[in-house]
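Peer 1: Structure: work.txt, compact mmCIF, N, CA and C atoms.
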```txt
# COMPACT_ATOMS: atom_id res chain seq x y z
N MET A 1 149.87 149.42 37.29
CA MET A 1 149.87 147.98 37.33
C MET A 1 151.00 147.48 36.42
N THR A 2 151.82 146.57 36.92
CA THR A 2 152.92 146.05 36.13
C THR A 2 152.50 144.75 35.44
N ALA A 3 153.16 144.50 34.34
CA ALA A 3 152.87 143.28 33.59
C ALA A 3 153.35 142.06 34.39
N PRO A 4 152.56 140.98 34.39
CA PRO A 4 153.00 139.80 35.13
C PRO A 4 154.27 139.21 34.50
N GLU A 5 155.14 138.73 35.36
CA GLU A 5 156.38 138.14 34.88
C GLU A 5 156.12 136.71 34.43
N LEU A 6 156.67 136.35 33.31
CA LEU A 6 156.50 135.02 32.75
C LEU A 6 157.61 134.13 33.28
N THR A 7 157.24 133.03 33.89
CA THR A 7 158.24 132.09 34.37
C THR A 7 158.15 130.80 33.57
N VAL A 8 159.28 130.26 33.27
CA VAL A 8 159.34 129.04 32.47
C VAL A 8 159.70 127.89 33.41
N ARG A 9 158.85 126.88 33.41
CA ARG A 9 159.11 125.70 34.23
C ARG A 9 160.04 124.77 33.47
N GLU A 10 161.06 124.31 34.13
CA GLU A 10 162.02 123.41 33.50
C GLU A 10 161.39 122.05 33.24
N ARG A 11 161.69 121.46 32.11
CA ARG A 11 161.24 120.11 31.78
C ARG A 11 161.98 119.13 32.67
N GLN A 12 161.27 118.11 33.13
CA GLN A 12 161.89 117.06 33.93
C GLN A 12 162.33 115.94 32.99
N GLU A 13 163.61 115.61 33.07
CA GLU A 13 164.13 114.54 32.24
C GLU A 13 164.10 113.24 33.04
N VAL A 14 163.72 112.15 32.38
CA VAL A 14 163.70 110.85 33.03
C VAL A 14 165.14 110.44 33.29
N LYS A 15 165.43 110.00 34.51
CA LYS A 15 166.80 109.66 34.89
C LYS A 15 167.11 108.17 34.79
N ASP A 16 166.08 107.34 34.52
CA ASP A 16 166.32 105.90 34.39
C ASP A 16 167.12 105.61 33.13
N GLU A 17 167.71 104.44 33.09
CA GLU A 17 168.46 104.02 31.91
C GLU A 17 167.50 103.81 30.75
N GLN A 18 167.80 104.37 29.61
CA GLN A 18 166.93 104.29 28.44
C GLN A 18 167.53 103.33 27.41
N THR A 19 166.66 102.71 26.62
CA THR A 19 167.12 101.80 25.58
C THR A 19 167.20 102.48 24.22
N ARG A 20 166.65 103.68 24.11
CA ARG A 20 166.69 104.43 22.86
C ARG A 20 167.56 105.66 23.08
N PRO A 21 168.44 105.99 22.12
CA PRO A 21 169.29 107.16 22.31
C PRO A 21 168.47 108.45 22.35
N GLY A 22 169.00 109.45 23.01
CA GLY A 22 168.34 110.73 23.12
C GLY A 22 167.72 110.91 24.49
N ARG A 23 167.11 112.04 24.68
CA ARG A 23 166.51 112.38 25.96
C ARG A 23 165.07 111.89 26.03
N THR A 24 164.64 111.59 27.25
CA THR A 24 163.25 111.23 27.50
C THR A 24 162.76 112.11 28.63
N TYR A 25 161.60 112.74 28.42
CA TYR A 25 161.05 113.69 29.37
C TYR A 25 159.78 113.16 30.03
N VAL A 26 159.48 113.70 31.20
CA VAL A 26 158.24 113.39 31.91
C VAL A 26 157.19 114.38 31.40
N PRO A 27 156.13 113.89 30.74
CA PRO A 27 155.14 114.83 30.20
C PRO A 27 154.25 115.40 31.31
N ASP A 28 153.75 116.60 31.08
CA ASP A 28 152.78 117.21 31.99
C ASP A 28 151.46 116.47 31.84
N VAL A 29 150.77 116.26 32.96
CA VAL A 29 149.51 115.52 32.95
C VAL A 29 148.49 116.25 33.82
N ASP A 30 147.28 116.40 33.30
CA ASP A 30 146.14 116.88 34.10
C ASP A 30 145.28 115.66 34.38
N ILE A 31 144.83 115.52 35.63
CA ILE A 31 143.96 114.41 36.01
C ILE A 31 142.70 115.01 36.62
N TYR A 32 141.56 114.57 36.13
CA TYR A 32 140.31 115.01 36.74
C TYR A 32 139.36 113.83 36.85
N GLU A 33 138.35 114.02 37.69
CA GLU A 33 137.43 112.93 38.01
C GLU A 33 136.00 113.33 37.73
N THR A 34 135.25 112.40 37.15
CA THR A 34 133.81 112.53 36.98
C THR A 34 133.17 111.42 37.81
N PRO A 35 131.87 111.41 37.95
CA PRO A 35 131.26 110.32 38.72
C PRO A 35 131.55 108.92 38.16
N ASP A 36 131.79 108.82 36.84
CA ASP A 36 131.98 107.51 36.22
C ASP A 36 133.43 107.14 35.89
N SER A 37 134.33 108.14 35.83
CA SER A 37 135.68 107.86 35.32
C SER A 37 136.71 108.80 35.92
N LEU A 38 137.96 108.37 35.80
CA LEU A 38 139.11 109.27 35.96
C LEU A 38 139.60 109.59 34.55
N TRP A 39 140.03 110.81 34.33
CA TRP A 39 140.52 111.23 33.01
C TRP A 39 141.93 111.74 33.16
N LEU A 40 142.81 111.35 32.22
CA LEU A 40 144.16 111.87 32.15
C LEU A 40 144.32 112.59 30.83
N GLU A 41 144.87 113.79 30.87
CA GLU A 41 145.23 114.53 29.66
C GLU A 41 146.74 114.71 29.71
N VAL A 42 147.43 114.06 28.78
CA VAL A 42 148.88 113.98 28.78
C VAL A 42 149.43 114.81 27.62
N ASP A 43 150.27 115.80 27.92
CA ASP A 43 150.87 116.64 26.88
C ASP A 43 152.04 115.90 26.24
N LEU A 44 151.91 115.61 24.94
CA LEU A 44 152.94 114.91 24.18
C LEU A 44 153.25 115.67 22.89
N PRO A 45 153.83 116.88 22.99
CA PRO A 45 154.09 117.65 21.78
C PRO A 45 155.07 116.93 20.84
N GLY A 46 154.71 116.89 19.56
CA GLY A 46 155.56 116.26 18.57
C GLY A 46 155.33 114.77 18.41
N VAL A 47 154.41 114.19 19.20
CA VAL A 47 154.11 112.76 19.12
C VAL A 47 152.79 112.59 18.38
N ASP A 48 152.78 111.72 17.36
CA ASP A 48 151.50 111.46 16.68
C ASP A 48 150.90 110.16 17.21
N GLU A 49 149.67 109.89 16.80
CA GLU A 49 148.93 108.75 17.37
C GLU A 49 149.59 107.40 17.07
N THR A 50 150.41 107.31 16.03
CA THR A 50 151.07 106.04 15.73
C THR A 50 152.35 105.85 16.55
N SER A 51 152.77 106.87 17.26
CA SER A 51 154.02 106.80 18.02
C SER A 51 153.83 106.82 19.52
N VAL A 52 152.59 106.62 19.96
CA VAL A 52 152.33 106.57 21.41
C VAL A 52 151.91 105.15 21.77
N GLN A 53 152.41 104.68 22.91
CA GLN A 53 152.04 103.35 23.41
C GLN A 53 151.55 103.50 24.84
N VAL A 54 150.40 102.90 25.10
CA VAL A 54 149.84 102.87 26.45
C VAL A 54 149.68 101.40 26.81
N ASN A 55 150.28 101.01 27.91
CA ASN A 55 150.24 99.61 28.35
C ASN A 55 149.84 99.56 29.82
N LEU A 56 149.19 98.46 30.18
CA LEU A 56 148.83 98.20 31.56
C LEU A 56 149.37 96.82 31.93
N SER A 57 150.22 96.79 32.95
CA SER A 57 150.80 95.53 33.38
C SER A 57 151.05 95.58 34.89
N ASN A 58 150.56 94.58 35.60
CA ASN A 58 150.75 94.48 37.05
C ASN A 58 150.34 95.75 37.80
N GLY A 59 149.24 96.34 37.37
CA GLY A 59 148.72 97.52 38.05
C GLY A 59 149.44 98.82 37.74
N VAL A 60 150.32 98.82 36.73
CA VAL A 60 151.05 100.03 36.34
C VAL A 60 150.65 100.41 34.92
N LEU A 61 150.16 101.65 34.77
CA LEU A 61 149.81 102.20 33.47
C LEU A 61 151.04 102.93 32.94
N SER A 62 151.54 102.49 31.79
CA SER A 62 152.74 103.09 31.19
C SER A 62 152.36 103.84 29.93
N ILE A 63 152.87 105.07 29.82
CA ILE A 63 152.63 105.91 28.65
C ILE A 63 153.98 106.27 28.07
N ASP A 64 154.19 105.91 26.80
CA ASP A 64 155.45 106.21 26.12
C ASP A 64 155.14 106.87 24.78
N GLY A 65 155.75 108.00 24.53
CA GLY A 65 155.58 108.70 23.26
C GLY A 65 156.92 108.91 22.60
N GLN A 66 157.01 108.54 21.33
CA GLN A 66 158.25 108.67 20.57
C GLN A 66 158.14 109.83 19.59
N VAL A 67 159.11 110.71 19.63
CA VAL A 67 159.17 111.85 18.71
C VAL A 67 160.05 111.45 17.53
N THR A 68 159.60 111.75 16.33
CA THR A 68 160.41 111.50 15.14
C THR A 68 161.42 112.61 15.03
N LEU A 69 162.68 112.30 15.29
CA LEU A 69 163.73 113.32 15.35
C LEU A 69 164.11 113.85 13.97
N LYS A 70 163.79 113.13 12.90
CA LYS A 70 164.17 113.59 11.57
C LYS A 70 163.49 114.92 11.22
N ASP A 71 162.35 115.20 11.83
CA ASP A 71 161.67 116.48 11.58
C ASP A 71 162.47 117.66 12.12
N TYR A 72 163.41 117.40 13.01
CA TYR A 72 164.16 118.47 13.65
C TYR A 72 165.61 118.56 13.16
N ASP A 73 166.01 117.69 12.22
CA ASP A 73 167.40 117.64 11.77
C ASP A 73 167.90 118.96 11.20
N GLU A 74 167.10 119.63 10.40
CA GLU A 74 167.54 120.85 9.72
C GLU A 74 167.28 122.12 10.53
N LEU A 75 166.59 122.01 11.65
CA LEU A 75 166.26 123.20 12.44
C LEU A 75 167.45 123.68 13.26
N ARG A 76 167.61 124.97 13.33
CA ARG A 76 168.63 125.60 14.16
C ARG A 76 167.95 126.67 15.00
N PRO A 77 167.25 126.25 16.07
CA PRO A 77 166.47 127.21 16.85
C PRO A 77 167.36 128.23 17.57
N ARG A 78 166.86 129.43 17.66
CA ARG A 78 167.54 130.49 18.42
C ARG A 78 167.18 130.41 19.90
N TYR A 79 165.97 129.92 20.18
CA TYR A 79 165.50 129.82 21.56
C TYR A 79 164.46 128.71 21.64
N THR A 80 164.55 127.88 22.64
CA THR A 80 163.54 126.85 22.87
C THR A 80 163.21 126.79 24.34
N GLU A 81 161.96 126.46 24.66
CA GLU A 81 161.54 126.33 26.05
C GLU A 81 161.49 124.89 26.50
N TYR A 82 161.61 123.97 25.59
CA TYR A 82 161.71 122.57 25.98
C TYR A 82 162.61 121.85 24.99
N GLY A 83 163.26 120.82 25.48
CA GLY A 83 164.13 120.04 24.63
C GLY A 83 163.33 119.07 23.78
N ILE A 84 163.91 118.66 22.69
CA ILE A 84 163.28 117.68 21.82
C ILE A 84 163.64 116.29 22.35
N GLY A 85 162.64 115.48 22.53
CA GLY A 85 162.90 114.13 23.03
C GLY A 85 161.62 113.35 23.17
N ASN A 86 161.77 112.14 23.63
CA ASN A 86 160.63 111.25 23.84
C ASN A 86 160.01 111.52 25.21
N PHE A 87 158.89 110.85 25.48
CA PHE A 87 158.17 111.06 26.73
C PHE A 87 157.88 109.71 27.38
N ALA A 88 157.92 109.68 28.71
CA ALA A 88 157.57 108.47 29.45
C ALA A 88 156.97 108.86 30.78
N ARG A 89 155.89 108.17 31.15
CA ARG A 89 155.23 108.42 32.44
C ARG A 89 154.59 107.13 32.92
N ARG A 90 154.60 106.90 34.22
CA ARG A 90 154.03 105.70 34.82
C ARG A 90 153.08 106.09 35.95
N PHE A 91 151.97 105.33 36.06
CA PHE A 91 150.98 105.54 37.12
C PHE A 91 150.58 104.20 37.71
N SER A 92 150.41 104.16 39.01
CA SER A 92 149.81 102.98 39.65
C SER A 92 148.31 103.10 39.49
N VAL A 93 147.68 102.00 39.07
CA VAL A 93 146.24 102.01 38.83
C VAL A 93 145.55 101.27 39.97
N SER A 94 144.56 101.90 40.54
CA SER A 94 143.81 101.34 41.66
C SER A 94 142.89 100.22 41.20
N THR A 95 142.52 99.38 42.14
CA THR A 95 141.56 98.33 41.83
C THR A 95 140.16 98.90 41.61
N GLU A 96 139.99 100.19 41.84
CA GLU A 96 138.71 100.86 41.62
C GLU A 96 138.51 101.23 40.15
N VAL A 97 139.51 100.94 39.29
CA VAL A 97 139.43 101.23 37.85
C VAL A 97 139.12 99.94 37.10
N ASP A 98 138.16 100.03 36.19
CA ASP A 98 137.80 98.90 35.33
C ASP A 98 138.82 98.84 34.20
N THR A 99 139.90 98.10 34.43
CA THR A 99 141.03 98.11 33.50
C THR A 99 140.68 97.59 32.11
N ALA A 100 139.67 96.75 32.00
CA ALA A 100 139.27 96.21 30.69
C ALA A 100 138.64 97.27 29.80
N ARG A 101 138.20 98.37 30.36
CA ARG A 101 137.51 99.40 29.57
C ARG A 101 138.31 100.70 29.42
N ILE A 102 139.59 100.71 29.78
CA ILE A 102 140.41 101.91 29.59
C ILE A 102 140.48 102.21 28.09
N ALA A 103 140.29 103.47 27.73
CA ALA A 103 140.31 103.88 26.32
C ALA A 103 141.04 105.21 26.19
N GLY A 104 141.58 105.46 25.00
CA GLY A 104 142.30 106.71 24.78
C GLY A 104 142.22 107.18 23.36
N ARG A 105 142.59 108.47 23.18
CA ARG A 105 142.67 109.05 21.84
C ARG A 105 143.68 110.20 21.87
N MET A 106 144.30 110.45 20.73
CA MET A 106 145.25 111.55 20.57
C MET A 106 144.59 112.66 19.78
N ARG A 107 144.75 113.88 20.25
CA ARG A 107 144.28 115.06 19.51
C ARG A 107 145.25 116.20 19.74
N ASN A 108 145.83 116.69 18.65
CA ASN A 108 146.68 117.88 18.71
C ASN A 108 147.79 117.77 19.76
N GLY A 109 148.44 116.62 19.82
CA GLY A 109 149.56 116.44 20.75
C GLY A 109 149.16 116.19 22.19
N VAL A 110 147.87 115.93 22.42
CA VAL A 110 147.39 115.64 23.78
C VAL A 110 146.73 114.27 23.76
N LEU A 111 147.21 113.39 24.63
CA LEU A 111 146.62 112.07 24.79
C LEU A 111 145.55 112.17 25.87
N GLU A 112 144.33 111.77 25.54
CA GLU A 112 143.23 111.73 26.50
C GLU A 112 142.94 110.28 26.84
N LEU A 113 143.06 109.93 28.11
CA LEU A 113 142.78 108.57 28.56
C LEU A 113 141.61 108.58 29.52
N GLU A 114 140.66 107.67 29.29
CA GLU A 114 139.55 107.50 30.22
C GLU A 114 139.79 106.21 30.99
N LEU A 115 139.76 106.30 32.31
CA LEU A 115 139.88 105.15 33.19
C LEU A 115 138.54 104.99 33.90
N PRO A 116 137.63 104.17 33.33
CA PRO A 116 136.29 104.02 33.93
C PRO A 116 136.38 103.40 35.32
N LYS A 117 135.52 103.86 36.21
CA LYS A 117 135.46 103.31 37.56
C LYS A 117 134.66 102.01 37.55
N THR A 118 134.99 101.13 38.47
CA THR A 118 134.17 99.94 38.65
C THR A 118 132.84 100.36 39.25
N GLU A 119 131.84 99.54 39.11
CA GLU A 119 130.52 99.86 39.67
C GLU A 119 130.63 100.09 41.18
N ARG A 120 131.48 99.31 41.83
CA ARG A 120 131.66 99.44 43.28
C ARG A 120 132.22 100.81 43.67
N ALA A 121 133.01 101.40 42.80
CA ALA A 121 133.66 102.67 43.11
C ALA A 121 132.82 103.90 42.77
N LYS A 122 131.77 103.72 41.97
CA LYS A 122 130.94 104.86 41.57
C LYS A 122 130.11 105.34 42.76
N PRO A 123 129.93 106.65 42.85
CA PRO A 123 129.08 107.16 43.93
C PRO A 123 127.63 106.74 43.72
N ARG A 124 126.96 106.48 44.80
CA ARG A 124 125.55 106.11 44.69
C ARG A 124 124.81 106.69 45.90
N GLN A 125 123.56 106.92 45.68
CA GLN A 125 122.73 107.44 46.77
C GLN A 125 122.13 106.28 47.52
N ILE A 126 122.15 106.37 48.82
CA ILE A 126 121.61 105.32 49.69
C ILE A 126 120.16 105.68 50.02
N PRO A 127 119.22 104.79 49.65
CA PRO A 127 117.81 105.10 49.97
C PRO A 127 117.57 104.96 51.49
N ILE A 128 116.78 105.84 52.00
CA ILE A 128 116.42 105.83 53.43
C ILE A 128 114.94 105.50 53.53
N SER A 129 114.62 104.45 54.26
CA SER A 129 113.23 104.08 54.41
C SER A 129 112.62 104.82 55.59
N ARG A 130 111.30 104.97 55.55
CA ARG A 130 110.58 105.68 56.63
C ARG A 130 109.82 104.72 57.46
```
Would you write out, as structure tokens, the structure that this file holds?
Peer 2:
Amino acid sequence: MTAPELTVRERQEVKDEQTRPGRTYVPDVDIYETPDSLWLEVDLPGVDETSVQVNLSNGVLSIDGQVTLKDYDELRPRYTEYGIGNFARRFSVSTEVDTARIAGRMRNGVLELELPKTERAKPRQIPISR
């Protein structure tokens, strides 16, 4: 049996015009659903909770994470698998999400966002009469 080959996925850089110098990357996101909510887990390595902004405007959820570049000034890496830069990601939010109750938290470079479903969107059992 041979050892599995390790493949490195290239980071996607945002191609839109940026207002801050440096690179901006598209963070990896896992999305899963429970009966009551949609959950997003956004990988934001190097971003702390004071440097992430989540906004909702006109049905678009915007996630922006700023990396403090001064922490990397003295580093001279021999090999890196991702570039140092900021993060930006946008999602269209359905009317099935209760936008007033969206909540999030940062833990260990991962932003967890809960998008609660509206009552209308939650699954329910239909009673059958006899």
Peer 1: I'd like the contact shell of Phe87 in chain A - 9 Å cut-off, only C-alpha atoms, skipping same-chain residues fewer than 3 positions apart - returned as a list in words.
Peer 2: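 In the requested format, the answer is Glu13, Val14, Arg23, Thr24, Tyr25, Val26, Pro27, Leu44, Val47, Ile63, Asp64, Gly65, Gln66 and Val67 of chain A.
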Peer 1: Dump as a tab-separated table the rows for residues of range 25-79 of chain A within 8 Å of range 102-126 of chain A: closest atom pair and distance in Å with one decimal, only N, CA and C atoms counted, ordered by chain and rising residue number.
Peer 2:
```
residue	atom	partner	partner_atom	distance
A:Thr34	C	A:Pro123	N	7.7
A:Pro35	C	A:Lys122	CA	5.3
A:Asp36	C	A:Lys117	N	3.9
A:Ser37	CA	A:Lys117	N	4.1
A:Leu38	N	A:Leu115	C	3.9
A:Trp39	CA	A:Leu113	C	4.5
A:Leu40	C	A:Leu113	N	4.0
A:Glu41	CA	A:Leu111	C	4.5
A:Val42	N	A:Leu111	C	3.9
A:Asp43	CA	A:Val110	CA	4.8
A:Leu44	N	A:Gly109	C	3.9
A:Pro45	N	A:Gly109	C	4.8
A:Gly46	N	A:Gly109	CA	5.3
A:Val47	C	A:Gly109	CA	5.6
A:Asp48	N	A:Gly109	CA	6.6
A:Glu49	CA	A:Met106	CA	5.6
```
Peer 1: Taking only C-alpha atoms into account, which of A:Ser51, A:Tyr72, A:Leu56, A:Val29 comes nearest Ser94 in chain A?
Peer 2: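 Closest candidate: A:Leu56.
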Peer 1: Enter the distance from CA of Glu96 in chain A to CA of Gln53 in chain A, in Å, rounded to one decimal.
Peer 2: 22.7 Å
Peer 1: What does the distance between atom C of Leu69 in chain A and atom N of Ile84 in chain A come to in Å, to one decimal place?
Peer 2: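 These two atoms are separated by 10.0 Å.
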